[in-house]
$ cat data.cif   # mmCIF, C-alpha atoms
data_final
loop_
_atom_site.group_PDB
_atom_site.id
_atom_site.type_symbol
_atom_site.label_atom_id
_atom_site.label_comp_id
_atom_site.auth_asym_id
_atom_site.auth_seq_id
_atom_site.Cartn_x
_atom_site.Cartn_y
_atom_site.Cartn_z
ATOM 1 C CA ALA A 1 0.000 0.000 0.000
ATOM 2 C CA ARG A 2 3.132 2.218 -0.014
ATOM 3 C CA ARG A 3 2.353 3.458 3.494
ATOM 4 C CA ILE A 4 4.882 5.219 5.668
ATOM 5 C CA GLN A 5 5.442 3.114 8.763
ATOM 6 C CA GLY A 6 8.057 4.837 10.883
ATOM 7 C CA TRP A 7 7.558 3.907 14.528
ATOM 8 C CA GLN A 8 4.164 2.267 14.101
ATOM 9 C CA GLY A 9 4.226 -1.096 15.800
ATOM 10 C CA THR A 10 2.992 -3.265 12.969
ATOM 11 C CA GLY A 11 4.438 -6.745 12.749
ATOM 12 C CA LEU A 12 5.492 -8.719 9.711
ATOM 13 C CA ASN A 13 2.830 -10.173 7.461
ATOM 14 C CA ALA A 14 3.199 -13.619 5.859
ATOM 15 C CA VAL A 15 5.361 -12.228 3.042
ATOM 16 C CA GLY A 16 7.583 -10.402 5.537
ATOM 17 C CA ILE A 17 8.037 -13.539 7.622
ATOM 18 C CA LYS A 18 9.134 -15.485 4.532
ATOM 19 C CA GLN A 19 11.507 -12.653 3.567
ATOM 20 C CA ALA A 20 13.006 -12.654 7.072
ATOM 21 C CA GLU A 21 13.579 -16.398 6.852
ATOM 22 C CA VAL A 22 15.283 -16.036 3.451
ATOM 23 C CA ALA A 23 17.461 -13.246 4.854
ATOM 24 C CA ALA A 24 18.350 -15.426 7.840
ATOM 25 C CA ARG A 25 19.456 -18.275 5.564
ATOM 26 C CA ARG A 26 21.554 -15.940 3.410
ATOM 27 C CA ILE A 27 23.182 -14.273 6.396
ATOM 28 C CA SER A 28 23.939 -17.542 8.174
ATOM 29 C CA SER A 29 25.474 -19.084 5.051
ATOM 30 C CA ASN A 30 27.611 -16.063 4.149
ATOM 31 C CA TRP A 31 28.834 -14.442 7.370
ATOM 32 C CA GLU A 32 30.092 -15.227 10.841
ATOM 33 C CA ILE A 33 28.006 -13.046 13.140
ATOM 34 C CA ASP A 34 28.920 -12.458 16.781
ATOM 35 C CA ALA A 35 26.142 -10.078 17.775
ATOM 36 C CA ILE A 36 22.729 -8.957 16.569
ATOM 37 C CA VAL A 37 21.361 -5.521 17.441
ATOM 38 C CA SER A 38 17.792 -4.691 16.496
ATOM 39 C CA SER A 39 15.274 -1.945 16.765
ATOM 40 C CA ASP A 40 12.649 -2.629 19.395
ATOM 41 C CA ILE A 41 9.901 -2.035 16.836
ATOM 42 C CA LYS A 42 7.974 -5.262 16.300
ATOM 43 C CA ARG A 43 8.654 -5.868 12.585
ATOM 44 C CA ALA A 44 12.397 -5.200 12.942
ATOM 45 C CA HIS A 45 12.663 -7.363 16.041
ATOM 46 C CA GLN A 46 10.780 -10.216 14.329
ATOM 47 C CA THR A 47 13.285 -10.060 11.463
ATOM 48 C CA ALA A 48 16.248 -10.041 13.863
ATOM 49 C CA LEU A 49 14.796 -13.016 15.730
ATOM 50 C CA ALA A 50 14.601 -15.035 12.505
ATOM 51 C CA VAL A 51 18.322 -14.402 11.975
ATOM 52 C CA ALA A 52 19.126 -15.063 15.634
ATOM 53 C CA ARG A 53 17.350 -18.440 15.600
ATOM 54 C CA LYS A 54 19.345 -19.510 12.552
ATOM 55 C CA LEU A 55 22.641 -18.378 14.122
ATOM 56 C CA LYS A 56 21.764 -19.478 17.660
ATOM 57 C CA LYS A 57 22.401 -15.964 18.963
ATOM 58 C CA ARG A 58 20.532 -13.524 21.164
ATOM 59 C CA VAL A 59 19.194 -10.187 19.983
ATOM 60 C CA LYS A 60 19.992 -6.951 21.781
ATOM 61 C CA LYS A 61 17.061 -4.574 21.322
ATOM 62 C CA SER A 62 17.774 -0.853 21.173
ATOM 63 C CA GLU A 63 15.453 2.114 20.825
ATOM 64 C CA LEU A 64 18.366 3.884 19.139
ATOM 65 C CA ALA A 65 18.077 1.409 16.227
ATOM 66 C CA ARG A 66 14.567 2.523 15.341
ATOM 67 C CA GLU A 67 14.032 3.843 11.858
ATOM 68 C CA ARG A 68 13.253 7.521 11.377
ATOM 69 C CA ARG A 69 10.102 8.716 13.106
ATOM 70 C CA PHE A 70 7.635 10.226 10.643
ATOM 71 C CA GLY A 71 5.076 11.530 13.146
ATOM 72 C CA GLU A 72 1.792 12.539 11.544
ATOM 73 C CA TRP A 73 2.841 10.955 8.249
ATOM 74 C CA GLU A 74 2.890 7.447 9.718
ATOM 75 C CA GLY A 75 0.152 5.247 8.316
ATOM 76 C CA LYS A 76 -0.420 7.528 5.325
ATOM 77 C CA ASN A 77 0.224 6.660 1.717
ATOM 78 C CA ILE A 78 3.484 8.165 0.432
ATOM 79 C CA GLN A 79 1.775 9.879 -2.513
ATOM 80 C CA GLU A 80 -0.851 11.357 -0.185
ATOM 81 C CA VAL A 81 1.917 12.965 1.866
ATOM 82 C CA LEU A 82 3.822 14.203 -1.186
ATOM 83 C CA ASP A 83 0.672 15.711 -2.701
ATOM 84 C CA SER A 84 0.121 17.803 0.434
ATOM 85 C CA TYR A 85 3.384 19.732 -0.138
ATOM 86 C CA LYS A 86 4.437 22.036 -2.947
ATOM 87 C CA LEU A 87 7.857 20.635 -3.796
ATOM 88 C CA ASP A 88 10.551 22.180 -5.956
ATOM 89 C CA ALA A 89 12.699 19.988 -8.229
ATOM 90 C CA SER A 90 15.426 19.359 -5.620
ATOM 91 C CA GLN A 91 12.892 18.405 -2.947
ATOM 92 C CA LYS A 92 11.139 15.975 -5.291
ATOM 93 C CA ARG A 93 14.372 13.954 -5.602
ATOM 94 C CA ASP A 94 14.133 13.029 -1.918
ATOM 95 C CA PRO A 95 11.272 14.772 -0.137
ATOM 96 C CA PHE A 96 11.865 12.945 3.117
ATOM 97 C CA LEU A 97 15.200 14.736 3.508
ATOM 98 C CA SER A 98 13.512 18.110 3.022
ATOM 99 C CA PHE A 99 10.852 18.013 5.721
ATOM 100 C CA GLU A 100 10.380 17.291 9.378
ATOM 101 C CA PRO A 101 6.859 15.982 9.808
ATOM 102 C CA ARG A 102 4.951 17.218 12.842
ATOM 103 C CA GLY A 103 5.686 14.810 15.682
ATOM 104 C CA GLY A 104 8.544 13.251 13.707
ATOM 105 C CA GLU A 105 12.306 13.533 13.416
ATOM 106 C CA SER A 106 14.356 15.763 11.189
ATOM 107 C CA MET A 107 17.141 14.050 9.269
ATOM 108 C CA LYS A 108 19.617 15.909 11.482
ATOM 109 C CA ARG A 109 18.072 14.469 14.660
ATOM 110 C CA PHE A 110 17.847 11.001 13.084
ATOM 111 C CA ASP A 111 21.510 11.221 12.054
ATOM 112 C CA ARG A 112 22.554 12.101 15.620
ATOM 113 C CA ARG A 113 20.621 9.093 16.937
ATOM 114 C CA MET A 114 22.314 6.807 14.412
ATOM 115 C CA GLU A 115 25.707 8.138 15.551
ATOM 116 C CA GLN A 116 24.750 7.288 19.162
ATOM 117 C CA LEU A 117 23.743 3.787 18.063
ATOM 118 C CA LEU A 118 27.024 3.185 16.258
ATOM 119 C CA LYS A 119 29.038 4.414 19.257
ATOM 120 C CA SER A 120 27.025 2.107 21.519
ATOM 121 C CA ILE A 121 27.610 -0.884 19.237
ATOM 122 C CA GLU A 122 31.306 -0.070 18.980
ATOM 123 C CA LYS A 123 31.578 0.106 22.783
ATOM 124 C CA ASP A 124 29.542 -3.042 23.479
ATOM 125 C CA PHE A 125 30.913 -5.208 20.668
ATOM 126 C CA THR A 126 34.502 -4.120 20.076
ATOM 127 C CA GLY A 127 36.243 -6.643 17.853
ATOM 128 C CA LYS A 128 32.990 -8.462 17.086
ATOM 129 C CA THR A 129 31.027 -8.864 13.904
#
$ encode --input "data.cif" --output "structure tokens"
Amino acid sequence: ARRIQGWQGTGLNAVGIKQAEVAARRISSNWEIDAIVSSDIKRAHQTALAVARKLKKRVKKSELARERRFGEWEGKNIQEVLDSYKLDASQKRDPFLSFEPRGGESMKRFDRRMEQLLKSIEKDFTGKT
């Protein structure tokens, strides 16, 4: 439906579960993984758990690993959101970089959170994959 999910707590549907299982098989057959860090949002955590089961690892959940929060845009169709803004040519290339939705995160704030996440992972899993 091309809906913006953001922090909405929807879980994986049947297709998503199958995709997570395929990803788990590919990851387990191609890489040695020491640690798995996942967003605490349901669909991300379900995906991480599929990988963790295959690798016999635990998942560390982190709020820092959440995707960007889109506030009032969450649950809406992407085109519906884009149609509500008058965008110039540069904004149309990537409108989600250009705006901070009400109740959501700017790209700058999201970037800072991702930096915190990476520092946390580096500290907790030094020398690990």
$ residues_near_point --input "data.cif" --point "(29.3, -9.6, 11.5)" --cutoff "7 Å" --atoms "all atoms listed in the file" --output "list in words"
Trp31, Glu32, Ile33, Asp34, Lys128 and Thr129 of chain A
$ write_last_selection --input "data.cif" --atoms "C-alpha atoms" --output "short mmCIF file (atom, residue, chain, number, x, y, z; two decimals), keeping the file's coordinate frame"
data_model
loop_
_atom_site.label_atom_id
_atom_site.label_comp_id
_atom_site.auth_asym_id
_atom_site.auth_seq_id
_atom_site.Cartn_x
_atom_site.Cartn_y
_atom_site.Cartn_z
CA TRP A 31 28.83 -14.44 7.37
CA GLU A 32 30.09 -15.23 10.84
CA ILE A 33 28.01 -13.05 13.14
CA ASP A 34 28.92 -12.46 16.78
CA LYS A 128 32.99 -8.46 17.09
CA THR A 129 31.03 -8.86 13.90
#
$ residues_around --input "data.cif" --residues "Glu21 in chain A" --least-positions-apart "2" --cutoff "10 Å" --atoms "all atoms listed in the file" --output "list in words"
Val15, Gly16, Ile17, Lys18, Gln19, Ala23, Ala24, Arg25, Arg26, Ile27, Thr47, Ala48, Leu49, Ala50, Val51, Arg53 and Lys54 of chain A
$ atom_distance --input "data.cif" --atom1 "CA of Tyr85 in chain A" --atom2 "CA of Ala65 in chain A"
28.6 Å
$ atom_distance --input "data.cif" --atom1 "CA of Arg66 in chain A" --atom2 "CA of Asn30 in chain A"
25.3 Å
$ residues_around --input "data.cif" --residues "Glu72 in chain A" --least-positions-apart "4" --cutoff "9 Å" --atoms "only C-alpha atoms" --output "VMD selection string"
chain A and resid 76 101 to 104
$ atom_distance --input "data.cif" --atom1 "CA of Arg43 in chain A" --atom2 "CA of Glu80 in chain A"
23.5 Å
$ residues_around --input "data.cif" --residues "Phe125 in chain A" --least-positions-apart "3" --cutoff "12 Å" --atoms "all atoms listed in the file" --output "PyMOL selection string"
chain A and resi 33-37+60+117-122+128-129
$ write_last_selection --input "data.cif" --atoms "C-alpha atoms" --output "mmCIF file, in the frame of the given file"
data_model
loop_
_atom_site.group_PDB
_atom_site.id
_atom_site.type_symbol
_atom_site.label_atom_id
_atom_site.label_comp_id
_atom_site.auth_asym_id
_atom_site.auth_seq_id
_atom_site.Cartn_x
_atom_site.Cartn_y
_atom_site.Cartn_z
ATOM 1 C CA ILE A 33 28.006 -13.046 13.140
ATOM 2 C CA ASP A 34 28.920 -12.458 16.781
ATOM 3 C CA ALA A 35 26.142 -10.078 17.775
ATOM 4 C CA ILE A 36 22.729 -8.957 16.569
ATOM 5 C CA VAL A 37 21.361 -5.521 17.441
ATOM 6 C CA LYS A 60 19.992 -6.951 21.781
ATOM 7 C CA LEU A 117 23.743 3.787 18.063
ATOM 8 C CA LEU A 118 27.024 3.185 16.258
ATOM 9 C CA LYS A 119 29.038 4.414 19.257
ATOM 10 C CA SER A 120 27.025 2.107 21.519
ATOM 11 C CA ILE A 121 27.610 -0.884 19.237
ATOM 12 C CA GLU A 122 31.306 -0.070 18.980
ATOM 13 C CA LYS A 128 32.990 -8.462 17.086
ATOM 14 C CA THR A 129 31.027 -8.864 13.904
#
$ residues_around --input "data.cif" --residues "range 4-14 of chain A" --least-positions-apart "2" --cutoff "7 Å" --atoms "all atoms listed in the file" --output "MDAnalysis selection string"
chainID A and resid 2 16:18 41:43 67:70 73:78
$ residues_around --input "data.cif" --residues "Asp40 in chain A" --least-positions-apart "6" --cutoff "6 Å" --atoms "all atoms listed in the file" --output "mmCIF file with C-alpha atoms, in the coordinates of the input"
data_model
loop_
_atom_site.group_PDB
_atom_site.id
_atom_site.type_symbol
_atom_site.label_atom_id
_atom_site.label_comp_id
_atom_site.auth_asym_id
_atom_site.auth_seq_id
_atom_site.Cartn_x
_atom_site.Cartn_y
_atom_site.Cartn_z
ATOM 1 C CA LYS A 61 17.061 -4.574 21.322
ATOM 2 C CA SER A 62 17.774 -0.853 21.173
ATOM 3 C CA GLU A 63 15.453 2.114 20.825
#
$ closest_residue --input "data.cif" --among "A:Leu64, A:Leu55, A:Leu82, A:Ala1" --to "Phe99 in chain A" --atoms "only C-alpha atoms"
A:Leu82
$ closest_residue --input "data.cif" --among "A:Met114, A:Ala20, A:Leu97, A:Ala89" --to "Ala52 in chain A" --atoms "all atoms listed in the file"
A:Ala20
$ resolve_selection --input "data.cif" --expression "the PyMOL selection byres ((chain A and resi 98) around 12)" --output "MDAnalysis selection string"
chainID A and resid 82 85:97 99:101 105:108
$ axis_aligned_box --input "data.cif" --around "range 67-70 of chain A" --padding-each-side "5 Å" --output "AutoDock Vina command-line options"
--center_x 10.8 --center_y 7.0 --center_z 11.9 --size_x 16.4 --size_y 16.4 --size_z 12.5
$ closest_residue --input "data.cif" --among "A:Gln116, A:Thr126, A:Gln79, A:Ser84" --to "Arg3 in chain A" --atoms "only C-alpha atoms"
A:Gln79
$ decode --input "data.cif" --residues "chain A" --atoms "C-alpha atoms" --output "CSV table (one decimal), in the first residue's frame"
chain,number,residue,atom,x,y,z
A,1,ALA,CA,0.0,0.0,0.0
A,2,ARG,CA,3.1,2.2,0.0
A,3,ARG,CA,2.4,3.5,3.5
A,4,ILE,CA,4.9,5.2,5.7
A,5,GLN,CA,5.4,3.1,8.8
A,6,GLY,CA,8.1,4.8,10.9
A,7,TRP,CA,7.6,3.9,14.5
A,8,GLN,CA,4.2,2.3,14.1
A,9,GLY,CA,4.2,-1.1,15.8
A,10,THR,CA,3.0,-3.3,13.0
A,11,GLY,CA,4.4,-6.7,12.7
A,12,LEU,CA,5.5,-8.7,9.7
A,13,ASN,CA,2.8,-10.2,7.5
A,14,ALA,CA,3.2,-13.6,5.9
A,15,VAL,CA,5.4,-12.2,3.0
A,16,GLY,CA,7.6,-10.4,5.5
A,17,ILE,CA,8.0,-13.5,7.6
A,18,LYS,CA,9.1,-15.5,4.5
A,19,GLN,CA,11.5,-12.7,3.6
A,20,ALA,CA,13.0,-12.7,7.1
A,21,GLU,CA,13.6,-16.4,6.9
A,22,VAL,CA,15.3,-16.0,3.5
A,23,ALA,CA,17.5,-13.2,4.9
A,24,ALA,CA,18.4,-15.4,7.8
A,25,ARG,CA,19.5,-18.3,5.6
A,26,ARG,CA,21.6,-15.9,3.4
A,27,ILE,CA,23.2,-14.3,6.4
A,28,SER,CA,23.9,-17.5,8.2
A,29,SER,CA,25.5,-19.1,5.1
A,30,ASN,CA,27.6,-16.1,4.1
A,31,TRP,CA,28.8,-14.4,7.4
A,32,GLU,CA,30.1,-15.2,10.8
A,33,ILE,CA,28.0,-13.0,13.1
A,34,ASP,CA,28.9,-12.5,16.8
A,35,ALA,CA,26.1,-10.1,17.8
A,36,ILE,CA,22.7,-9.0,16.6
A,37,VAL,CA,21.4,-5.5,17.4
A,38,SER,CA,17.8,-4.7,16.5
A,39,SER,CA,15.3,-1.9,16.8
A,40,ASP,CA,12.6,-2.6,19.4
A,41,ILE,CA,9.9,-2.0,16.8
A,42,LYS,CA,8.0,-5.3,16.3
A,43,ARG,CA,8.7,-5.9,12.6
A,44,ALA,CA,12.4,-5.2,12.9
A,45,HIS,CA,12.7,-7.4,16.0
A,46,GLN,CA,10.8,-10.2,14.3
A,47,THR,CA,13.3,-10.1,11.5
A,48,ALA,CA,16.2,-10.0,13.9
A,49,LEU,CA,14.8,-13.0,15.7
A,50,ALA,CA,14.6,-15.0,12.5
A,51,VAL,CA,18.3,-14.4,12.0
A,52,ALA,CA,19.1,-15.1,15.6
A,53,ARG,CA,17.3,-18.4,15.6
A,54,LYS,CA,19.3,-19.5,12.6
A,55,LEU,CA,22.6,-18.4,14.1
A,56,LYS,CA,21.8,-19.5,17.7
A,57,LYS,CA,22.4,-16.0,19.0
A,58,ARG,CA,20.5,-13.5,21.2
A,59,VAL,CA,19.2,-10.2,20.0
A,60,LYS,CA,20.0,-7.0,21.8
A,61,LYS,CA,17.1,-4.6,21.3
A,62,SER,CA,17.8,-0.9,21.2
A,63,GLU,CA,15.5,2.1,20.8
A,64,LEU,CA,18.4,3.9,19.1
A,65,ALA,CA,18.1,1.4,16.2
A,66,ARG,CA,14.6,2.5,15.3
A,67,GLU,CA,14.0,3.8,11.9
A,68,ARG,CA,13.3,7.5,11.4
A,69,ARG,CA,10.1,8.7,13.1
A,70,PHE,CA,7.6,10.2,10.6
A,71,GLY,CA,5.1,11.5,13.1
A,72,GLU,CA,1.8,12.5,11.5
A,73,TRP,CA,2.8,11.0,8.2
A,74,GLU,CA,2.9,7.4,9.7
A,75,GLY,CA,0.2,5.2,8.3
A,76,LYS,CA,-0.4,7.5,5.3
A,77,ASN,CA,0.2,6.7,1.7
A,78,ILE,CA,3.5,8.2,0.4
A,79,GLN,CA,1.8,9.9,-2.5
A,80,GLU,CA,-0.9,11.4,-0.2
A,81,VAL,CA,1.9,13.0,1.9
A,82,LEU,CA,3.8,14.2,-1.2
A,83,ASP,CA,0.7,15.7,-2.7
A,84,SER,CA,0.1,17.8,0.4
A,85,TYR,CA,3.4,19.7,-0.1
A,86,LYS,CA,4.4,22.0,-2.9
A,87,LEU,CA,7.9,20.6,-3.8
A,88,ASP,CA,10.6,22.2,-6.0
A,89,ALA,CA,12.7,20.0,-8.2
A,90,SER,CA,15.4,19.4,-5.6
A,91,GLN,CA,12.9,18.4,-2.9
A,92,LYS,CA,11.1,16.0,-5.3
A,93,ARG,CA,14.4,14.0,-5.6
A,94,ASP,CA,14.1,13.0,-1.9
A,95,PRO,CA,11.3,14.8,-0.1
A,96,PHE,CA,11.9,12.9,3.1
A,97,LEU,CA,15.2,14.7,3.5
A,98,SER,CA,13.5,18.1,3.0
A,99,PHE,CA,10.9,18.0,5.7
A,100,GLU,CA,10.4,17.3,9.4
A,101,PRO,CA,6.9,16.0,9.8
A,102,ARG,CA,5.0,17.2,12.8
A,103,GLY,CA,5.7,14.8,15.7
A,104,GLY,CA,8.5,13.3,13.7
A,105,GLU,CA,12.3,13.5,13.4
A,106,SER,CA,14.4,15.8,11.2
A,107,MET,CA,17.1,14.1,9.3
A,108,LYS,CA,19.6,15.9,11.5
A,109,ARG,CA,18.1,14.5,14.7
A,110,PHE,CA,17.8,11.0,13.1
A,111,ASP,CA,21.5,11.2,12.1
A,112,ARG,CA,22.6,12.1,15.6
A,113,ARG,CA,20.6,9.1,16.9
A,114,MET,CA,22.3,6.8,14.4
A,115,GLU,CA,25.7,8.1,15.6
A,116,GLN,CA,24.8,7.3,19.2
A,117,LEU,CA,23.7,3.8,18.1
A,118,LEU,CA,27.0,3.2,16.3
A,119,LYS,CA,29.0,4.4,19.3
A,120,SER,CA,27.0,2.1,21.5
A,121,ILE,CA,27.6,-0.9,19.2
A,122,GLU,CA,31.3,-0.1,19.0
A,123,LYS,CA,31.6,0.1,22.8
A,124,ASP,CA,29.5,-3.0,23.5
A,125,PHE,CA,30.9,-5.2,20.7
A,126,THR,CA,34.5,-4.1,20.1
A,127,GLY,CA,36.2,-6.6,17.9
A,128,LYS,CA,33.0,-8.5,17.1
A,129,THR,CA,31.0,-8.9,13.9
